[in-house]
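> Here's a structure for you.
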Amino acid sequence: MDYFPLFLKLTNQPCLVVGAGEVATRKIEMLRKTGAQITVVAKEIGKHLSSKESDWNLSLRQKSFSEDDVAGMRLVISATNDRQTNEQVTAAAQSLGIPVNVVDNPDLCSFIFPAIVDRSPLIVAVSSGGASPVLARMLRAKIESTIPAAYGRLARFAEDFRSAVKETIKQPAHRRIFWESILLGRVADLVFAGKQEEAEREFNIRLQQTDQSAPKGEVYLIGAGPGDPDLMTFRALRLMQQADVIVYDRLVSEAILEMARRDAEKIYVGKQRSQHSLPQESINELLANLAVSGKRVARLKGGDPFIFGRGGEEIETLMQRGITFQVVPGITAASGCASYAGIPLTHRDHAQSCTFVTGHLKDGSINLNWKQLAAPGQTIVIYMGLVGLEHICQSLMEHGCPPSHPIAIIQQGTTPHQRVVTGTLSDISQKVEHADIKPPSLIIVGTVVTLHEKLSWFQSQR
């Protein structure tokens with residue numbers, strides 16, 4: 001994060017704009033909406049800006065910039081075409097610790113202007129950190145289309161009732177849940193429809209009926225997908241934003257965790273081979289106990305919670321304790337990683353079925369139906385099989401697969417760090433060792449692997 005996002009209150013604060021051209025005028029128009037006291041310094045001040053001096057409450061000074069002009073200012077903007085003047089403005093402002101922006105000169109700025117969606121008092125700001133202002137404006141346009149102007153009325157409505165809610169509902173966590181129900185429910189619909197009085201009546205009824213006891217907890221069992229945050233569902237994102245606690249495993253990326261509420265507590269319960277942060281039984285009890293205490297808990301699992309994710313065990317405990325829960329499916333690693341590697345799991349010319357198995361070793365062996373897995377015309381996807389790869393390949397060959405049978409290993413599939421190693425049952429172990437492939441990884445066995453070179457489309461950053 002190159003720039004820290006914040007909002008400054010500039011009402012009645014002195015601000016300086018150096019320059020009076022078209023760009024400077026746009027900055028002045030933006031500043032005046034905040035109620036700032038704006039001083040403009042420029043060698044030439046055109047008729048348009050001069051005509052606005054009274055209406056916009058401007059102080060116009062037609063002169064060259066001098067260091068004294070920044071004294072006492074809260075914010076300084078330079079919008080001139082003269083590099084030397086811009087450098088002088090920056091030096092003068094920075095010497096006094098005053099935030100300064102020089103238009104189109106990021107090296108001279110201590111702050112930059114974001115692209116703004118104005119639904120006052122609701123403000124949305126988008127910034128690329130100066131890397132691509134055009135991209136920021138494009139994203140602003142997308143946001144503009146999804147946030148109706150009525151959201152400004154809704155924000156003002158919430159502001160009007162904020163004190164009453166705080167007085168009635170003492171616990172901050174309870175207030176947050178109440179506001180979520182208001183802003184996502186009928187009251188918000190009435191505000192959007194312009195039915196202000198009806199919205200106020202409905203709001204007061206809801207506030208009077210608020211249960212002051214601790215809110216009832218709930219667990220959201222969420223499939224976080226194979227790694228790419230864009231592959232999560234809308235429902236998963238919505239529930240993550242509601243959750244008070246995030247319980248996650250090692251397959252959940254930092255990018256996905258960033259989508260959770262900023263103030264949500266995060267608890268890591270990841271498991272690696274022979275290294276368990278928490279035993280599964282303890283995780284089950286943790287989820288139940290958090291919900292009993294009134295927390296809304298998002299249990300994030302890599303892939304899909306019901307495909308080698310032990311989600312069934314977790315909800316069994318929740319059901320036994322009478323705890324409300326929701327299950328949000330996710331894209332399992334098999335479909336996600338195979339798609340990003342350009343390996344179809346089924347194909348008319350190669351495979352008419354697909355089998356998912358776990359290759360997790362137990363007591364030094366893998367207990368699988370090797371005869372069935374070695375049958376032709378199918379694709380085998382093996383989860384957690386990297387450690388036992390050599391044993392897997394040997395067992396498949398012993399039960400009928402030819403040594404030349406294709407196999408692929410996909411490491412960190414769907415992420416920018418994805419790596420794909422292909423080979424045969426006879427040579428894949430050596431290739432994987434040479435490539436230093438590490439977990440998390442997925443194994444795909446079958447002639448569909450031969451399509452990888454032809455159908456590969458995803459370019460990782462490795």
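Here, A, B, ... name the chains of the structure tokens in the order displayed, residue numbers run from 1 inside each chain, and ligands are numbered from 1 in the same displayed order.
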Let's see if you can do this: from backbone DSSP, list all strand (DSSP E or B) residues in region 233-446 of chain A, as a PyMOL selection string.
chain A and resi 245-248+265-268+271-272+275-276+296-301+303+324-328+347+351+354-358+362+365+379-383+406-411+419-424+441-445
> Please report the interatomic distance between CA of Val41 (chain A) and CA of Asp55 (chain A) in Å with one decimal.
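Rounded to one decimal, the two atoms are 17.8 Å apart.
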> Between A:Leu184, A:Ala375, A:Ala264, A:Ala193, which one has atoms that come closest to Ala298 (chain A), using only C-alpha atoms?
A:Ala264
> Name all residues at most 7 Å from Glu314 (chain A) (count only C-alpha atoms; drop same-chain ones fewer than 4 positions away) and give them as a list in words.
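Once the nearby chain positions are removed, what remains is Asn284, Arg310 and Leu318 of chain A.
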> Could those selected residues go to a file with N, CA and C atoms, as a PDB file, in the first residue's frame?

```
ATOM      1  N   ASN A 284     -14.168 -28.474  15.604  1.00  0.00           N
ATOM      2  CA  ASN A 284     -15.628 -28.614  15.697  1.00  0.00           C
ATOM      3  C   ASN A 284     -16.163 -27.901  16.931  1.00  0.00           C
ATOM      4  N   ARG A 310     -13.882 -32.128   5.273  1.00  0.00           N
ATOM      5  CA  ARG A 310     -14.394 -32.522   6.594  1.00  0.00           C
ATOM      6  C   ARG A 310     -15.503 -31.598   7.089  1.00  0.00           C
ATOM      7  N   LEU A 318     -22.378 -29.077  15.026  1.00  0.00           N
ATOM      8  CA  LEU A 318     -23.273 -27.926  15.136  1.00  0.00           C
ATOM      9  C   LEU A 318     -24.722 -28.382  15.292  1.00  0.00           C
TER      10      LEU A 318
END
```
